[in-house]
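Report on the structure given below.
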Amino acid sequence: MRLTTKGRFAVTAMLDLALREANGPVTLAGISERQHISLSYLEQLFGKLRRRELVESVRGPGGGYCLARVPHEITVAEIICAVDEPLDATQCGGKENCRDEHRCMTHDLWAGLNRTIYDHLSAVTLGKLIDEHLAKQKRRSDNAALIDARGLKDSKDPSGVTAAH
């Protein structure tokens, strides 16, 4: 199984878009800057995502892209397939001509892996990725606040004045 940067970047860009679209259309330049993905590469990916009706473009000042559906209805598998990323671990592309125009001995193993990967990616939605990302951010924020609170408490001298760090 080989997932190239095309599929990874498409999922990353879609997650970035989904996290920010509440404030209006999101520009590809903004995604490019935040995610360190070439703008021209994003333009190619978003052309394919638009054709598959996963995103909509908004023209004019304040324009950019929005999701075409709610995040919980868009699967990672759809995103990857939309940008023509093959999800295929077989050597033959599923044609069963792996070895001298015949099926190789391990064809069923790799075909089964393809199904497992596709099923997993079909079960993960953009909405789930958003929820996980926001929960992780909240945990980090809570941990940082806890560390700060402990640090301030530990750095006080007996007079109750906080020491400078």
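Chain identifiers are assigned as A, B, and so on, following the order in which chains appear in the structure tokens; residues are numbered from 1 within each chain, and ligands are numbered from 1 in order of appearance.
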What's the 12 Å shell around A:His133, counting only C-alpha atoms, without same-chain residues fewer than 3 positions away, as a PDB file with N, CA and C atoms, in the first residue's frame?
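Produced file around.pdb, reproduced below:
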```
ATOM      1  N   THR A  12      -5.057  16.793   4.530  1.00  0.00           N
ATOM      2  CA  THR A  12      -4.591  17.879   5.386  1.00  0.00           C
ATOM      3  C   THR A  12      -5.254  19.203   4.996  1.00  0.00           C
ATOM      4  N   LEU A  15      -8.908  19.254   5.983  1.00  0.00           N
ATOM      5  CA  LEU A  15      -9.068  19.445   7.417  1.00  0.00           C
ATOM      6  C   LEU A  15      -8.837  20.911   7.776  1.00  0.00           C
ATOM      7  N   ASP A  16      -7.816  21.520   7.209  1.00  0.00           N
ATOM      8  CA  ASP A  16      -7.557  22.944   7.438  1.00  0.00           C
ATOM      9  C   ASP A  16      -8.774  23.774   7.023  1.00  0.00           C
ATOM     10  N   ALA A  18     -11.917  22.791   6.711  1.00  0.00           N
ATOM     11  CA  ALA A  18     -13.060  22.492   7.577  1.00  0.00           C
ATOM     12  C   ALA A  18     -12.948  23.198   8.927  1.00  0.00           C
ATOM     13  N   LEU A  19     -11.742  23.313   9.446  1.00  0.00           N
ATOM     14  CA  LEU A  19     -11.536  23.968  10.743  1.00  0.00           C
ATOM     15  C   LEU A  19     -11.740  25.478  10.668  1.00  0.00           C
ATOM     16  N   LEU A 126     -14.302  13.570   7.859  1.00  0.00           N
ATOM     17  CA  LEU A 126     -13.652  14.845   8.133  1.00  0.00           C
ATOM     18  C   LEU A 126     -14.145  15.390   9.478  1.00  0.00           C
ATOM     19  N   GLY A 127     -15.422  15.174   9.774  1.00  0.00           N
ATOM     20  CA  GLY A 127     -15.976  15.605  11.057  1.00  0.00           C
ATOM     21  C   GLY A 127     -15.288  14.924  12.229  1.00  0.00           C
ATOM     22  N   LYS A 128     -14.994  13.644  12.091  1.00  0.00           N
ATOM     23  CA  LYS A 128     -14.296  12.920  13.150  1.00  0.00           C
ATOM     24  C   LYS A 128     -12.888  13.475  13.334  1.00  0.00           C
ATOM     25  N   LEU A 129     -12.201  13.782  12.238  1.00  0.00           N
ATOM     26  CA  LEU A 129     -10.861  14.357  12.324  1.00  0.00           C
ATOM     27  C   LEU A 129     -10.899  15.726  13.004  1.00  0.00           C
ATOM     28  N   ILE A 130     -11.933  16.518  12.707  1.00  0.00           N
ATOM     29  CA  ILE A 130     -12.099  17.823  13.360  1.00  0.00           C
ATOM     30  C   ILE A 130     -12.280  17.627  14.862  1.00  0.00           C
ATOM     31  N   LYS A 136      -7.712  17.302  21.006  1.00  0.00           N
ATOM     32  CA  LYS A 136      -6.275  17.312  21.277  1.00  0.00           C
ATOM     33  C   LYS A 136      -5.813  18.726  21.643  1.00  0.00           C
ATOM     34  N   GLN A 137      -6.327  19.729  20.941  1.00  0.00           N
ATOM     35  CA  GLN A 137      -5.982  21.116  21.259  1.00  0.00           C
ATOM     36  C   GLN A 137      -6.433  21.481  22.668  1.00  0.00           C
ATOM     37  N   LYS A 138      -7.624  21.041  23.043  1.00  0.00           N
ATOM     38  CA  LYS A 138      -8.145  21.338  24.373  1.00  0.00           C
ATOM     39  C   LYS A 138      -7.286  20.674  25.446  1.00  0.00           C
ATOM     40  N   ARG A 139      -6.888  19.424  25.215  1.00  0.00           N
ATOM     41  CA  ARG A 139      -6.020  18.739  26.185  1.00  0.00           C
ATOM     42  C   ARG A 139      -4.697  19.478  26.346  1.00  0.00           C
ATOM     43  N   ARG A 140      -4.122  19.914  25.226  1.00  0.00           N
ATOM     44  CA  ARG A 140      -2.865  20.671  25.288  1.00  0.00           C
ATOM     45  C   ARG A 140      -3.047  21.961  26.074  1.00  0.00           C
TER      46      ARG A 140
END
```
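Here atom CA of A:Arg8 is placed at a distance of 17.6 Å from atom CA of A:Gly30.
Comparing A:Gly62, A:Ala10, A:Ala68, A:Ala22 by their smallest distance to A:Gln44, the closest is A:Ala10 (using only C-alpha atoms).
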Assign secondary structure with DSSP using the backbone only, and return the residues of chain A in alpha helix (DSSP H) as a tab-separated table (two decimals) with N, CA and C atoms, in the first residue's frame.
```tsv
chain	number	residue	atom	x	y	z
A	5	THR	N	2.06	11.74	-1.26
A	5	THR	CA	1.78	13.07	-0.70
A	5	THR	C	0.49	13.66	-1.25
A	6	LYS	N	0.09	13.25	-2.44
A	6	LYS	CA	-1.14	13.78	-3.03
A	6	LYS	C	-2.33	13.53	-2.11
A	7	GLY	N	-2.50	12.29	-1.67
A	7	GLY	CA	-3.60	11.96	-0.77
A	7	GLY	C	-3.44	12.60	0.60
A	8	ARG	N	-2.23	12.55	1.13
A	8	ARG	CA	-1.96	13.15	2.44
A	8	ARG	C	-2.23	14.65	2.43
A	9	PHE	N	-1.73	15.34	1.40
A	9	PHE	CA	-1.93	16.78	1.31
A	9	PHE	C	-3.40	17.13	1.13
A	10	ALA	N	-4.13	16.33	0.35
A	10	ALA	CA	-5.55	16.59	0.14
A	10	ALA	C	-6.32	16.49	1.46
A	11	VAL	N	-6.03	15.47	2.25
A	11	VAL	CA	-6.72	15.31	3.54
A	11	VAL	C	-6.34	16.45	4.48
A	12	THR	N	-5.06	16.79	4.53
A	12	THR	CA	-4.59	17.88	5.39
A	12	THR	C	-5.25	19.20	5.00
A	13	ALA	N	-5.29	19.49	3.71
A	13	ALA	CA	-5.89	20.74	3.23
A	13	ALA	C	-7.39	20.78	3.52
A	14	MET	N	-8.07	19.66	3.35
A	14	MET	CA	-9.50	19.60	3.65
A	14	MET	C	-9.76	19.80	5.14
A	15	LEU	N	-8.91	19.25	5.98
A	15	LEU	CA	-9.07	19.44	7.42
A	15	LEU	C	-8.84	20.91	7.78
A	16	ASP	N	-7.82	21.52	7.21
A	16	ASP	CA	-7.56	22.94	7.44
A	16	ASP	C	-8.77	23.77	7.02
A	17	LEU	N	-9.31	23.49	5.85
A	17	LEU	CA	-10.50	24.19	5.35
A	17	LEU	C	-11.67	24.01	6.30
A	18	ALA	N	-11.92	22.79	6.71
A	18	ALA	CA	-13.06	22.49	7.58
A	18	ALA	C	-12.95	23.20	8.93
A	19	LEU	N	-11.74	23.31	9.45
A	19	LEU	CA	-11.54	23.97	10.74
A	19	LEU	C	-11.74	25.48	10.67
A	20	ARG	N	-11.62	26.07	9.48
A	20	ARG	CA	-11.65	27.53	9.35
A	20	ARG	C	-12.84	28.08	8.60
A	28	LEU	N	-6.79	29.34	-0.71
A	28	LEU	CA	-5.74	28.35	-0.88
A	28	LEU	C	-4.39	28.93	-0.44
A	29	ALA	N	-4.21	30.23	-0.59
A	29	ALA	CA	-2.97	30.86	-0.13
A	29	ALA	C	-2.82	30.70	1.38
A	30	GLY	N	-3.92	30.83	2.11
A	30	GLY	CA	-3.88	30.64	3.56
A	30	GLY	C	-3.55	29.21	3.93
A	31	ILE	N	-4.18	28.26	3.26
A	31	ILE	CA	-3.89	26.85	3.51
A	31	ILE	C	-2.43	26.57	3.18
A	32	SER	N	-1.97	27.10	2.05
A	32	SER	CA	-0.59	26.90	1.62
A	32	SER	C	0.39	27.38	2.68
A	33	GLU	N	0.13	28.56	3.22
A	33	GLU	CA	1.02	29.13	4.22
A	33	GLU	C	1.00	28.32	5.52
A	34	ARG	N	-0.19	27.97	5.98
A	34	ARG	CA	-0.31	27.25	7.26
A	34	ARG	C	0.22	25.82	7.18
A	35	GLN	N	0.00	25.15	6.04
A	35	GLN	CA	0.34	23.73	5.93
A	35	GLN	C	1.63	23.47	5.16
A	39	LEU	N	1.21	26.35	-3.38
A	39	LEU	CA	-0.07	26.89	-3.83
A	39	LEU	C	-0.50	26.26	-5.15
A	40	SER	N	0.43	26.08	-6.08
A	40	SER	CA	0.06	25.49	-7.38
A	40	SER	C	-0.39	24.04	-7.20
A	41	TYR	N	0.21	23.33	-6.26
A	41	TYR	CA	-0.19	21.95	-5.98
A	41	TYR	C	-1.61	21.94	-5.39
A	42	LEU	N	-1.89	22.86	-4.46
A	42	LEU	CA	-3.23	22.96	-3.88
A	42	LEU	C	-4.27	23.29	-4.95
A	43	GLU	N	-3.91	24.15	-5.89
A	43	GLU	CA	-4.84	24.49	-6.96
A	43	GLU	C	-5.22	23.25	-7.77
A	44	GLN	N	-4.24	22.41	-8.04
A	44	GLN	CA	-4.52	21.15	-8.76
A	44	GLN	C	-5.43	20.25	-7.94
A	45	LEU	N	-5.10	20.09	-6.66
A	45	LEU	CA	-5.90	19.21	-5.79
A	45	LEU	C	-7.33	19.73	-5.66
A	46	PHE	N	-7.48	21.04	-5.44
A	46	PHE	CA	-8.81	21.59	-5.23
A	46	PHE	C	-9.64	21.59	-6.50
A	47	GLY	N	-9.01	21.62	-7.66
A	47	GLY	CA	-9.75	21.44	-8.90
A	47	GLY	C	-10.41	20.07	-8.93
A	48	LYS	N	-9.67	19.06	-8.52
A	48	LYS	CA	-10.22	17.70	-8.47
A	48	LYS	C	-11.27	17.56	-7.37
A	49	LEU	N	-11.03	18.15	-6.22
A	49	LEU	CA	-12.00	18.09	-5.12
A	49	LEU	C	-13.30	18.79	-5.50
A	50	ARG	N	-13.19	19.88	-6.26
A	50	ARG	CA	-14.38	20.61	-6.70
A	50	ARG	C	-15.17	19.78	-7.71
A	51	ARG	N	-14.46	19.14	-8.64
A	51	ARG	CA	-15.13	18.30	-9.64
A	51	ARG	C	-15.87	17.14	-8.98
A	76	VAL	N	-12.58	10.25	4.50
A	76	VAL	CA	-11.19	10.35	4.07
A	76	VAL	C	-11.00	9.57	2.76
A	77	ALA	N	-11.67	8.44	2.63
A	77	ALA	CA	-11.57	7.67	1.39
A	77	ALA	C	-12.05	8.49	0.19
A	78	GLU	N	-13.15	9.23	0.35
A	78	GLU	CA	-13.65	10.08	-0.74
A	78	GLU	C	-12.62	11.12	-1.15
A	79	ILE	N	-11.99	11.73	-0.15
A	79	ILE	CA	-10.99	12.77	-0.42
A	79	ILE	C	-9.82	12.18	-1.20
A	80	ILE	N	-9.32	11.06	-0.73
A	80	ILE	CA	-8.17	10.42	-1.38
A	80	ILE	C	-8.52	9.97	-2.80
A	81	CYS	N	-9.67	9.36	-2.96
A	81	CYS	CA	-10.08	8.92	-4.30
A	81	CYS	C	-10.34	10.11	-5.23
A	82	ALA	N	-10.81	11.22	-4.68
A	82	ALA	CA	-11.10	12.41	-5.50
A	82	ALA	C	-9.85	12.97	-6.16
A	107	HIS	N	-2.03	-12.71	-4.10
A	107	HIS	CA	-2.99	-11.73	-4.59
A	107	HIS	C	-4.12	-11.49	-3.59
A	108	ASP	N	-4.69	-12.54	-3.05
A	108	ASP	CA	-5.81	-12.39	-2.12
A	108	ASP	C	-5.40	-11.64	-0.85
A	109	LEU	N	-4.16	-11.86	-0.40
A	109	LEU	CA	-3.66	-11.14	0.77
A	109	LEU	C	-3.68	-9.64	0.51
A	110	TRP	N	-3.12	-9.21	-0.63
A	110	TRP	CA	-3.04	-7.78	-0.94
A	110	TRP	C	-4.41	-7.19	-1.27
A	111	ALA	N	-5.23	-7.95	-1.93
A	111	ALA	CA	-6.59	-7.49	-2.22
A	111	ALA	C	-7.37	-7.30	-0.92
A	112	GLY	N	-7.17	-8.21	0.03
A	112	GLY	CA	-7.82	-8.08	1.35
A	112	GLY	C	-7.32	-6.86	2.10
A	113	LEU	N	-6.02	-6.59	1.99
A	113	LEU	CA	-5.47	-5.38	2.61
A	113	LEU	C	-6.10	-4.14	1.99
A	114	ASN	N	-6.27	-4.14	0.68
A	114	ASN	CA	-6.93	-3.01	0.01
A	114	ASN	C	-8.32	-2.77	0.60
A	115	ARG	N	-9.09	-3.84	0.75
A	115	ARG	CA	-10.45	-3.71	1.30
A	115	ARG	C	-10.41	-3.17	2.73
A	116	THR	N	-9.48	-3.67	3.53
A	116	THR	CA	-9.36	-3.23	4.93
A	116	THR	C	-9.01	-1.75	5.01
A	117	ILE	N	-8.06	-1.33	4.21
A	117	ILE	CA	-7.66	0.08	4.20
A	117	ILE	C	-8.82	0.96	3.73
A	118	TYR	N	-9.45	0.55	2.65
A	118	TYR	CA	-10.57	1.34	2.12
A	118	TYR	C	-11.70	1.42	3.15
A	119	ASP	N	-12.02	0.29	3.78
A	119	ASP	CA	-13.08	0.28	4.80
A	119	ASP	C	-12.73	1.21	5.96
A	120	HIS	N	-11.47	1.19	6.38
A	120	HIS	CA	-11.06	2.06	7.48
A	120	HIS	C	-11.19	3.53	7.08
A	121	LEU	N	-10.65	3.88	5.92
A	121	LEU	CA	-10.71	5.28	5.48
A	121	LEU	C	-12.13	5.73	5.17
A	122	SER	N	-13.00	4.80	4.82
A	122	SER	CA	-14.41	5.13	4.60
A	122	SER	C	-15.15	5.36	5.91
A	123	ALA	N	-14.63	4.80	6.98
A	123	ALA	CA	-15.27	4.95	8.29
A	123	ALA	C	-14.82	6.23	9.01
A	126	LEU	N	-14.30	13.57	7.86
A	126	LEU	CA	-13.65	14.85	8.13
A	126	LEU	C	-14.15	15.39	9.48
A	127	GLY	N	-15.42	15.17	9.77
A	127	GLY	CA	-15.98	15.60	11.06
A	127	GLY	C	-15.29	14.92	12.23
A	128	LYS	N	-14.99	13.64	12.09
A	128	LYS	CA	-14.30	12.92	13.15
A	128	LYS	C	-12.89	13.47	13.33
A	129	LEU	N	-12.20	13.78	12.24
A	129	LEU	CA	-10.86	14.36	12.32
A	129	LEU	C	-10.90	15.73	13.00
A	130	ILE	N	-11.93	16.52	12.71
A	130	ILE	CA	-12.10	17.82	13.36
A	130	ILE	C	-12.28	17.63	14.86
A	131	ASP	N	-13.18	16.73	15.23
A	131	ASP	CA	-13.45	16.47	16.66
A	131	ASP	C	-12.18	16.04	17.38
A	132	GLU	N	-11.41	15.15	16.77
A	132	GLU	CA	-10.16	14.67	17.38
A	132	GLU	C	-9.14	15.80	17.50
A	133	HIS	N	-9.04	16.62	16.46
A	133	HIS	CA	-8.09	17.74	16.47
A	133	HIS	C	-8.45	18.74	17.59
A	134	LEU	N	-9.73	19.09	17.67
A	134	LEU	CA	-10.16	20.04	18.69
A	134	LEU	C	-9.98	19.48	20.10
A	135	ALA	N	-10.25	18.19	20.28
A	135	ALA	CA	-10.07	17.56	21.59
A	135	ALA	C	-8.59	17.57	21.98
A	136	LYS	N	-7.71	17.30	21.01
A	136	LYS	CA	-6.28	17.31	21.28
A	136	LYS	C	-5.81	18.73	21.64
A	137	GLN	N	-6.33	19.73	20.94
A	137	GLN	CA	-5.98	21.12	21.26
A	137	GLN	C	-6.43	21.48	22.67
A	138	LYS	N	-7.62	21.04	23.04
A	138	LYS	CA	-8.14	21.34	24.37
A	138	LYS	C	-7.29	20.67	25.45
A	139	ARG	N	-6.89	19.42	25.22
A	139	ARG	CA	-6.02	18.74	26.18
A	139	ARG	C	-4.70	19.48	26.35
A	140	ARG	N	-4.12	19.91	25.23
A	140	ARG	CA	-2.87	20.67	25.29
A	140	ARG	C	-3.05	21.96	26.07
A	141	SER	N	-4.13	22.64	25.80
A	141	SER	CA	-4.42	23.90	26.49
A	141	SER	C	-4.63	23.67	27.98
A	142	ASP	N	-5.38	22.62	28.31
A	142	ASP	CA	-5.62	22.29	29.72
A	142	ASP	C	-4.31	21.92	30.42
A	143	ASN	N	-3.47	21.14	29.74
A	143	ASN	CA	-2.17	20.76	30.31
A	143	ASN	C	-1.27	21.96	30.50
A	144	ALA	N	-1.27	22.87	29.53
A	144	ALA	CA	-0.44	24.07	29.64
A	144	ALA	C	-0.91	24.94	30.80
A	145	ALA	N	-2.23	25.07	30.96
A	145	ALA	CA	-2.77	25.86	32.07
A	145	ALA	C	-2.40	25.22	33.41
A	146	LEU	N	-2.45	23.90	33.47
A	146	LEU	CA	-2.09	23.19	34.70
A	146	LEU	C	-0.61	23.38	35.02
A	147	ILE	N	0.23	23.28	34.01
A	147	ILE	CA	1.67	23.48	34.21
A	147	ILE	C	1.94	24.91	34.65
A	148	ASP	N	1.28	25.88	34.01
A	148	ASP	CA	1.46	27.28	34.40
A	148	ASP	C	1.02	27.50	35.84
A	149	ALA	N	-0.12	26.92	36.20
A	149	ALA	CA	-0.62	27.09	37.58
A	149	ALA	C	0.36	26.49	38.58
A	150	ARG	N	0.89	25.32	38.27
A	150	ARG	CA	1.87	24.68	39.16
A	150	ARG	C	3.16	25.48	39.21
A	151	GLY	N	3.59	25.97	38.06
A	151	GLY	CA	4.82	26.75	37.98
A	151	GLY	C	4.73	28.02	38.79
A	152	LEU	N	3.59	28.70	38.73
A	152	LEU	CA	3.41	29.92	39.50
A	152	LEU	C	3.40	29.62	40.99
A	153	LYS	N	2.74	28.54	41.36
A	153	LYS	CA	2.65	28.18	42.78
A	153	LYS	C	4.04	27.83	43.31
A	154	ASP	N	4.81	27.04	42.53
A	154	ASP	CA	6.13	26.60	42.98
A	154	ASP	C	7.13	27.74	43.01
```
**Request:** One decimal, Å: what's the distance from atom CA of A:Val26 over to atom CA of A:Val58, could you say?
**Result:**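 We find that atom CA of A:Val26 and atom CA of A:Val58 lie 9.1 Å from each other.
Reported to one decimal place, the separation of atom CA of A:Glu21 from atom CA of A:Asp84 is 24.5 Å.
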**Request:** Using backbone DSSP assignments, extract all strand (DSSP E or B) residues from chain A; output them as a list in words.
**Result:**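 Selection result, strand (DSSP E or B) within chain A: Val26, Val55, Glu56, Ser57, Val58, Gly64, Tyr65, Cys66, Leu67, Thr75, Arg99, His102, Thr125, Lys156 and Thr162 of chain A.
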Export, as a PDB file, in the first residue's frame, the selected residues with C-alpha atoms.
```pdb
ATOM      1  CA  VAL A  26     -10.881  29.858   3.013  1.00  0.00           C
ATOM      2  CA  VAL A  55     -15.673  21.652  -2.077  1.00  0.00           C
ATOM      3  CA  GLU A  56     -17.277  24.717  -3.624  1.00  0.00           C
ATOM      4  CA  SER A  57     -15.401  27.761  -4.844  1.00  0.00           C
ATOM      5  CA  VAL A  58     -16.495  31.295  -4.036  1.00  0.00           C
ATOM      6  CA  GLY A  64     -12.008  31.012  -1.482  1.00  0.00           C
ATOM      7  CA  TYR A  65     -13.310  27.541  -0.810  1.00  0.00           C
ATOM      8  CA  CYS A  66     -15.991  26.014   1.414  1.00  0.00           C
ATOM      9  CA  LEU A  67     -16.970  22.409   1.995  1.00  0.00           C
ATOM     10  CA  THR A  75     -14.963  10.474   4.301  1.00  0.00           C
ATOM     11  CA  ARG A  99       2.867 -12.904 -12.469  1.00  0.00           C
ATOM     12  CA  HIS A 102      -1.510 -15.045 -13.987  1.00  0.00           C
ATOM     13  CA  THR A 125     -14.989  11.335   8.311  1.00  0.00           C
ATOM     14  CA  LYS A 156       6.414  31.895  44.962  1.00  0.00           C
ATOM     15  CA  THR A 162       6.103  35.403  42.546  1.00  0.00           C
TER      16      THR A 162
END
```
